[in-house]
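K.L.:
Structure file model39.cif (mmCIF, C-alpha atoms) right here:
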data_entry
#
loop_
_atom_site.group_PDB
_atom_site.id
_atom_site.type_symbol
_atom_site.label_atom_id
_atom_site.label_comp_id
_atom_site.auth_asym_id
_atom_site.auth_seq_id
_atom_site.Cartn_x
_atom_site.Cartn_y
_atom_site.Cartn_z
ATOM 1 C CA MET A 524 7.205 5.870 -40.952
ATOM 2 C CA THR A 525 10.591 5.273 -39.341
ATOM 3 C CA THR A 526 11.394 3.673 -36.011
ATOM 4 C CA SER A 527 12.348 7.092 -34.679
ATOM 5 C CA ASP A 528 8.754 8.178 -35.351
ATOM 6 C CA LEU A 529 7.632 5.405 -32.998
ATOM 7 C CA ALA A 530 9.958 6.437 -30.169
ATOM 8 C CA ALA A 531 8.209 7.154 -26.893
ATOM 9 C CA THR A 532 7.774 10.757 -25.901
ATOM 10 C CA PRO A 533 9.577 11.970 -22.783
ATOM 11 C CA LEU A 534 6.256 11.837 -20.930
ATOM 12 C CA ALA A 535 5.659 8.230 -22.016
ATOM 13 C CA GLN A 536 9.234 7.296 -21.081
ATOM 14 C CA SER A 537 8.740 8.847 -17.645
ATOM 15 C CA TRP A 538 5.513 6.911 -17.169
ATOM 16 C CA CYS A 539 7.292 3.680 -18.154
ATOM 17 C CA ALA A 540 10.067 4.412 -15.648
ATOM 18 C CA LEU A 541 7.518 5.048 -12.895
ATOM 19 C CA SER A 542 5.725 1.820 -13.774
ATOM 20 C CA LEU A 543 9.031 -0.078 -13.721
ATOM 21 C CA LEU A 544 9.940 1.361 -10.310
ATOM 22 C CA HIS A 545 6.529 0.453 -8.904
ATOM 23 C CA SER A 546 6.777 -3.078 -10.277
ATOM 24 C CA ARG A 547 10.237 -3.639 -8.809
ATOM 25 C CA ILE A 548 9.227 -2.329 -5.395
ATOM 26 C CA GLU A 549 5.993 -4.345 -5.367
ATOM 27 C CA THR A 550 7.835 -7.544 -6.340
ATOM 28 C CA HIS A 551 10.457 -7.000 -3.629
ATOM 29 C CA LEU A 552 7.810 -6.273 -0.977
ATOM 30 C CA GLU A 553 5.764 -9.327 -2.020
ATOM 31 C CA GLY A 554 8.756 -11.623 -1.681
ATOM 32 C CA ALA A 555 9.851 -10.318 1.701
ATOM 33 C CA LEU A 556 6.380 -10.199 3.259
ATOM 34 C CA HIS A 557 5.331 -13.600 1.937
ATOM 35 C CA THR A 558 8.566 -15.342 2.920
ATOM 36 C CA ARG A 559 8.761 -13.923 6.438
ATOM 37 C CA HIS A 560 5.108 -13.419 7.381
ATOM 38 C CA GLY A 561 2.869 -15.255 4.915
ATOM 39 C CA LEU A 562 1.332 -11.961 3.759
ATOM 40 C CA SER A 563 0.945 -10.443 0.328
ATOM 41 C CA ALA A 564 1.698 -6.746 -0.098
ATOM 42 C CA ARG A 565 -2.053 -6.083 -0.520
ATOM 43 C CA GLU A 566 -2.889 -8.023 2.657
ATOM 44 C CA TYR A 567 -0.289 -5.983 4.526
ATOM 45 C CA ALA A 568 -1.771 -2.782 3.088
ATOM 46 C CA VAL A 569 -5.305 -3.733 4.185
ATOM 47 C CA LEU A 570 -4.127 -4.571 7.710
ATOM 48 C CA ASP A 571 -2.172 -1.312 7.831
ATOM 49 C CA VAL A 572 -5.071 0.830 6.578
ATOM 50 C CA LEU A 573 -7.599 -0.755 8.929
ATOM 51 C CA SER A 574 -5.233 -0.527 11.910
ATOM 52 C CA ARG A 575 -5.329 3.276 11.570
ATOM 53 C CA GLN A 576 -9.070 3.521 12.243
ATOM 54 C CA HIS A 577 -10.259 5.365 15.332
ATOM 55 C CA ASP A 578 -13.496 5.891 17.226
ATOM 56 C CA GLY A 579 -13.815 9.575 16.353
ATOM 57 C CA GLU A 580 -15.876 11.150 13.592
ATOM 58 C CA ASN A 581 -15.245 9.406 10.263
ATOM 59 C CA GLY A 582 -12.866 7.095 12.088
ATOM 60 C CA HIS A 583 -14.148 3.836 10.598
ATOM 61 C CA LEU A 584 -13.697 3.089 6.928
ATOM 62 C CA GLN A 585 -16.300 1.739 4.559
ATOM 63 C CA MET A 586 -15.198 -0.977 2.129
ATOM 64 C CA LYS A 587 -15.002 1.515 -0.754
ATOM 65 C CA GLN A 588 -12.601 3.681 1.245
ATOM 66 C CA VAL A 589 -10.436 0.656 2.027
ATOM 67 C CA ALA A 590 -10.512 -0.336 -1.664
ATOM 68 C CA ASP A 591 -9.419 3.150 -2.715
ATOM 69 C CA ALA A 592 -6.605 3.152 -0.148
ATOM 70 C CA VAL A 593 -5.150 -0.151 -1.372
ATOM 71 C CA ALA A 594 -5.842 0.459 -5.086
ATOM 72 C CA LEU A 595 -8.176 -2.492 -5.609
ATOM 73 C CA SER A 596 -11.742 -2.773 -6.816
ATOM 74 C CA GLN A 597 -14.403 -2.955 -4.135
ATOM 75 C CA SER A 598 -15.159 -6.604 -4.958
ATOM 76 C CA ALA A 599 -11.465 -7.597 -4.869
ATOM 77 C CA THR A 600 -11.106 -5.806 -1.537
ATOM 78 C CA THR A 601 -14.141 -7.610 -0.133
ATOM 79 C CA ARG A 602 -12.650 -10.963 -1.188
ATOM 80 C CA LEU A 603 -9.311 -10.003 0.366
ATOM 81 C CA VAL A 604 -11.009 -8.945 3.613
ATOM 82 C CA THR A 605 -12.906 -12.253 3.667
ATOM 83 C CA ARG A 606 -9.626 -14.186 3.328
ATOM 84 C CA LEU A 607 -8.072 -12.170 6.156
ATOM 85 C CA GLU A 608 -11.208 -12.719 8.246
ATOM 86 C CA ASP A 609 -10.961 -16.480 7.588
ATOM 87 C CA ARG A 610 -7.392 -16.299 8.933
ATOM 88 C CA GLU A 611 -8.789 -14.483 12.013
ATOM 89 C CA LEU A 612 -6.749 -11.361 11.271
ATOM 90 C CA LEU A 613 -9.863 -9.216 10.734
ATOM 91 C CA SER A 614 -13.402 -9.197 12.119
ATOM 92 C CA ARG A 615 -16.526 -7.515 10.754
ATOM 93 C CA TYR A 616 -19.377 -5.925 12.676
ATOM 94 C CA LEU A 617 -22.531 -3.938 11.983
ATOM 95 C CA CYS A 618 -22.358 -0.192 12.316
ATOM 96 C CA PRO A 619 -24.178 0.686 15.551
ATOM 97 C CA THR A 620 -25.841 3.775 14.028
ATOM 98 C CA ASP A 621 -26.633 2.387 10.564
ATOM 99 C CA ARG A 622 -27.511 -1.309 10.462
ATOM 100 C CA ARG A 623 -26.790 -1.360 6.720
ATOM 101 C CA GLY A 624 -23.155 -0.465 7.310
ATOM 102 C CA ILE A 625 -20.572 -3.149 7.954
ATOM 103 C CA TYR A 626 -17.181 -2.217 9.334
ATOM 104 C CA THR A 627 -14.008 -4.217 9.718
ATOM 105 C CA ASN A 628 -11.495 -4.186 12.559
ATOM 106 C CA VAL A 629 -8.057 -5.722 12.848
ATOM 107 C CA THR A 630 -8.066 -8.474 15.483
ATOM 108 C CA GLU A 631 -5.382 -8.804 18.132
ATOM 109 C CA ALA A 632 -3.754 -11.546 16.018
ATOM 110 C CA GLY A 633 -3.830 -9.191 13.032
ATOM 111 C CA LEU A 634 -2.202 -6.400 15.037
ATOM 112 C CA VAL A 635 0.530 -8.756 16.257
ATOM 113 C CA LEU A 636 1.244 -9.892 12.689
ATOM 114 C CA LEU A 637 1.220 -6.298 11.446
ATOM 115 C CA ARG A 638 3.695 -5.240 14.167
ATOM 116 C CA GLN A 639 5.955 -8.143 13.200
ATOM 117 C CA ALA A 640 5.668 -7.391 9.479
ATOM 118 C CA ARG A 641 6.151 -3.614 9.635
ATOM 119 C CA PRO A 642 9.977 -3.724 9.996
ATOM 120 C CA THR A 643 10.120 -6.247 7.137
ATOM 121 C CA TYR A 644 7.995 -3.935 4.985
ATOM 122 C CA GLU A 645 10.133 -0.884 5.784
ATOM 123 C CA GLY A 646 13.383 -2.797 5.252
ATOM 124 C CA ALA A 647 12.225 -4.336 1.977
ATOM 125 C CA LEU A 648 11.049 -0.937 0.766
ATOM 126 C CA ARG A 649 14.470 0.572 1.497
ATOM 127 C CA GLU A 650 16.227 -2.390 -0.155
ATOM 128 C CA ALA A 651 14.037 -2.095 -3.246
ATOM 129 C CA LEU A 652 14.717 1.625 -3.537
ATOM 130 C CA ASP A 653 18.460 1.092 -3.041
ATOM 131 C CA LEU A 654 18.492 -1.545 -5.782
ATOM 132 C CA ALA A 655 16.380 0.600 -8.101
ATOM 133 C CA GLY A 656 18.676 3.565 -7.493
ATOM 134 C CA ARG A 657 21.460 1.640 -9.233
ATOM 135 C CA ASP A 658 19.458 1.590 -12.473
ATOM 136 C CA PRO A 659 20.209 4.798 -14.421
ATOM 137 C CA ARG A 660 16.633 4.837 -15.767
ATOM 138 C CA LEU A 661 15.269 5.082 -12.222
ATOM 139 C CA THR A 662 17.742 7.281 -10.315
ATOM 140 C CA THR A 663 15.682 10.463 -10.730
ATOM 141 C CA LEU A 664 12.520 8.779 -9.449
ATOM 142 C CA VAL A 665 14.332 7.159 -6.521
ATOM 143 C CA ALA A 666 15.799 10.563 -5.635
ATOM 144 C CA ALA A 667 12.294 12.064 -5.747
ATOM 145 C CA VAL A 668 11.016 9.409 -3.327
ATOM 146 C CA ALA A 669 14.015 10.013 -1.045
ATOM 147 C CA SER A 670 13.329 13.761 -1.076
ATOM 148 C CA LEU A 671 9.777 13.098 0.171
ATOM 149 C CA GLU A 672 11.183 11.066 3.052
ATOM 150 C CA ALA A 673 13.664 13.836 3.866
ATOM 151 C CA SER A 674 10.858 16.426 3.947
ATOM 152 C CA PRO A 675 8.052 14.971 6.103
ATOM 153 C CA LEU A 676 5.930 18.109 5.700
ATOM 154 C CA ASP A 677 5.942 17.673 1.919
ATOM 155 C CA ALA A 678 5.126 13.966 2.215
ATOM 156 C CA SER A 679 2.335 14.511 4.735
ATOM 157 C CA SER A 680 0.693 17.046 2.459
ATOM 158 C CA LEU A 681 0.137 14.233 -0.038
ATOM 159 C CA ARG A 682 -2.446 12.665 2.304
ATOM 160 C CA ILE A 683 -2.399 9.199 0.773
ATOM 161 C CA PRO A 684 -4.554 6.859 2.883
ATOM 162 C CA GLY A 685 -2.987 3.497 3.503
ATOM 163 C CA CYS A 686 0.538 4.628 2.822
ATOM 164 C CA GLY A 687 1.442 5.502 6.375
ATOM 165 C CA LEU A 688 0.459 9.113 5.820
ATOM 166 C CA PRO A 689 -2.497 10.898 7.374
ATOM 167 C CA GLY A 690 -5.628 10.298 5.307
#
Have the structure of the file written as structure tokens, please.
P.N.:
Amino acid sequence: MTTSDLAATPLAQSWCALSLLHSRIETHLEGALHTRHGLSAREYAVLDVLSRQHDGENGHLQMKQVADAVALSQSATTRLVTRLEDRELLSRYLCPTDRRGIYTNVTEAGLVLLRQARPTYEGALREALDLAGRDPRLTTLVAAVASLEASPLDASSLRIPGCGLPG
């Protein structure tokens, strides 16, 4: 077996590039949010997801839905929500129609922090993409992300909860 036999397939190389782009963006977001607002990227995501709840049908999210939206396990999400609740950024309450259900709302303090952090998040995301776009291994992926931004109808059809798109 030669080293060329061990070379990654184009699909595997593409997956590695996507993973690298995600890692760079996540690291950049973490640094900016933590430095300026004392939030991790996951904490920001939870605040953002929960701030989009409404009083209409299916307007309040169960913990599993929040976990799916922020790409964490249900137990990790529960621990994260507890930490945010301890910081008085979230509050929990019993579902009025099903006493077994517990919902979570963003407090006024949480909304204020989220409003302050949103421009930081957007700016750091743009910075991370600009930096990644200088890496020849990532230019195609960065261009794909930019094309989604340029075509809101295409991006909204993705329906990714927690990513600022309708869920």
K.L.:
Please evaluate the PyMOL selection byres ((chain A and resi 595-604) around 9) against the displayed coordinates and give the resulting residues as a list in words.
P.N.:
Arg565, Glu566, Val569, Met586, Lys587, Gln588, Val589, Ala590, Asp591, Ala592, Val593, Ala594, Thr605, Arg606, Leu607, Glu608, Asp609, Leu613, Ser614 and Thr627 of chain A
K.L.:
Which residues are near Gly554 (chain A)? Cut-off 9 Å, all atoms listed in the file, ignore same chain within fewer than 5 positions. Put them as a list in words.
P.N.:
Glu549, Arg559, Ser563, Ala564 and Ala647 of chain A
K.L.:
Could those residues be written to a file, using C-alpha atoms, as a compact mmCIF listing (two decimals), in the frame of the given file?
P.N.:
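Dumped everything to result04.txt:
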# COMPACT_ATOMS: atom_id res chain seq x y z
CA GLU A 549 5.99 -4.34 -5.37
CA ARG A 559 8.76 -13.92 6.44
CA SER A 563 0.94 -10.44 0.33
CA ALA A 564 1.70 -6.75 -0.10
CA ALA A 647 12.22 -4.34 1.98
K.L.:
CA of Thr663 (chain A) to CA of Ser546 (chain A): how many Å, to one decimal?
P.N.:
16.2 Å
K.L.:
From the options A:Glu650, A:Ala555, A:Asn581, A:Leu562, which residue's atoms come nearest to Leu612 (chain A), counting all atoms listed in the file?
P.N.:
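Distance minimum relative to Leu612 (chain A) lands on A:Leu562.
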K.L.:
Using only C-alpha atoms, which of A:Ala540, A:Leu652, A:Ala640, A:Leu664 sits nearest Gly561 (chain A)?
P.N.:
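Under the stated criterion, the closest residue is A:Ala640.
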K.L.:
Separation of CA of Val629 (chain A) and CA of Arg547 (chain A), in Å?
P.N.:
28.4 Å
K.L.:
Could you list, as an MDAnalysis selection string, every residue within 7 Å of Leu617 (chain A), counting only C-alpha atoms and ignoring same-chain residues fewer than 6 positions away?
P.N.:
chainID A and resid 624:626
K.L.:
By how many Å are CA of Cys539 (chain A) and CA of Leu552 (chain A) apart?
P.N.:
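Atom-to-atom, CA of Cys539 (chain A) and CA of Leu552 (chain A) are spaced 19.9 Å apart.
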K.L.:
Which one of A:Leu661, A:Gln576, A:Val668, A:Ser674 sits closest to Leu541 (chain A) if you count only C-alpha atoms?
P.N.:
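Residue with the minimum atom-to-atom distance to Leu541 (chain A): A:Leu661.
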K.L.:
When distances are computed from all atoms listed in the file, which of A:Pro533, A:Gly633, A:Gly656, A:Pro619 shows the smallest separation from Leu573 (chain A)?
P.N.:
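Result for the nearest residue to Leu573 (chain A): A:Gly633.
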K.L.:
What residues come out when you apply the PyMOL selection byres ((chain A and resi 635) around 12) to this file, written as a ChimeraX atom specification?
P.N.:
/A:560,570-571,574,611-613,629-634,636-641
K.L.:
Have region 626-656 of chain A completed to N, CA and C atoms, please, and pass it along as a compact mmCIF listing (two decimals), in the coordinates of the input.
P.N.:
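The result, written out as out.txt:
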# COMPACT_ATOMS: atom_id res chain seq x y z
N TYR A 626 -18.55 -2.67 9.16
CA TYR A 626 -17.18 -2.22 9.33
C TYR A 626 -16.28 -3.40 9.64
N THR A 627 -15.00 -3.17 9.50
CA THR A 627 -14.01 -4.22 9.72
C THR A 627 -12.94 -3.70 10.66
N ASN A 628 -12.58 -4.51 11.64
CA ASN A 628 -11.50 -4.19 12.56
C ASN A 628 -10.39 -5.22 12.44
N VAL A 629 -9.18 -4.80 12.77
CA VAL A 629 -8.06 -5.72 12.85
C VAL A 629 -8.13 -6.40 14.21
N THR A 630 -8.04 -7.72 14.22
CA THR A 630 -8.07 -8.47 15.48
C THR A 630 -6.72 -8.34 16.18
N GLU A 631 -6.66 -8.82 17.41
CA GLU A 631 -5.38 -8.80 18.13
C GLU A 631 -4.32 -9.59 17.36
N ALA A 632 -4.71 -10.75 16.81
CA ALA A 632 -3.75 -11.55 16.02
C ALA A 632 -3.28 -10.76 14.79
N GLY A 633 -4.19 -10.01 14.18
CA GLY A 633 -3.83 -9.19 13.03
C GLY A 633 -2.87 -8.08 13.41
N LEU A 634 -3.10 -7.46 14.57
CA LEU A 634 -2.20 -6.40 15.04
C LEU A 634 -0.82 -6.94 15.35
N VAL A 635 -0.76 -8.13 15.95
CA VAL A 635 0.53 -8.76 16.26
C VAL A 635 1.29 -9.02 14.96
N LEU A 636 0.61 -9.60 13.98
CA LEU A 636 1.24 -9.89 12.69
C LEU A 636 1.69 -8.60 12.00
N LEU A 637 0.87 -7.58 12.05
CA LEU A 637 1.22 -6.30 11.45
C LEU A 637 2.46 -5.71 12.12
N ARG A 638 2.52 -5.75 13.45
CA ARG A 638 3.70 -5.24 14.17
C ARG A 638 4.95 -6.02 13.77
N GLN A 639 4.81 -7.32 13.60
CA GLN A 639 5.96 -8.14 13.20
C GLN A 639 6.37 -7.84 11.76
N ALA A 640 5.40 -7.59 10.91
CA ALA A 640 5.67 -7.39 9.48
C ALA A 640 6.14 -5.98 9.14
N ARG A 641 5.82 -5.00 9.97
CA ARG A 641 6.15 -3.61 9.64
C ARG A 641 7.65 -3.40 9.41
N PRO A 642 8.54 -3.91 10.28
CA PRO A 642 9.98 -3.72 10.00
C PRO A 642 10.41 -4.42 8.69
N THR A 643 9.82 -5.55 8.40
CA THR A 643 10.12 -6.25 7.14
C THR A 643 9.70 -5.38 5.96
N TYR A 644 8.51 -4.80 6.05
CA TYR A 644 8.00 -3.94 4.99
C TYR A 644 8.92 -2.74 4.78
N GLU A 645 9.26 -2.06 5.88
CA GLU A 645 10.13 -0.88 5.78
C GLU A 645 11.50 -1.26 5.23
N GLY A 646 12.07 -2.36 5.73
CA GLY A 646 13.38 -2.80 5.25
C GLY A 646 13.36 -3.18 3.78
N ALA A 647 12.33 -3.92 3.38
CA ALA A 647 12.22 -4.34 1.98
C ALA A 647 12.01 -3.13 1.07
N LEU A 648 11.27 -2.15 1.55
CA LEU A 648 11.05 -0.94 0.77
C LEU A 648 12.37 -0.21 0.55
N ARG A 649 13.15 -0.08 1.62
CA ARG A 649 14.47 0.57 1.50
C ARG A 649 15.39 -0.22 0.56
N GLU A 650 15.40 -1.55 0.72
CA GLU A 650 16.23 -2.39 -0.16
C GLU A 650 15.82 -2.21 -1.61
N ALA A 651 14.52 -2.23 -1.87
CA ALA A 651 14.04 -2.10 -3.25
C ALA A 651 14.43 -0.75 -3.84
N LEU A 652 14.33 0.30 -3.05
CA LEU A 652 14.72 1.62 -3.54
C LEU A 652 16.22 1.71 -3.76
N ASP A 653 17.00 1.11 -2.86
CA ASP A 653 18.46 1.09 -3.04
C ASP A 653 18.84 0.37 -4.33
N LEU A 654 18.22 -0.79 -4.56
CA LEU A 654 18.49 -1.54 -5.78
C LEU A 654 18.05 -0.77 -7.02
N ALA A 655 16.88 -0.16 -6.96
CA ALA A 655 16.38 0.60 -8.10
C ALA A 655 17.25 1.82 -8.38
N GLY A 656 17.82 2.39 -7.33
CA GLY A 656 18.68 3.56 -7.49
C GLY A 656 19.94 3.29 -8.29
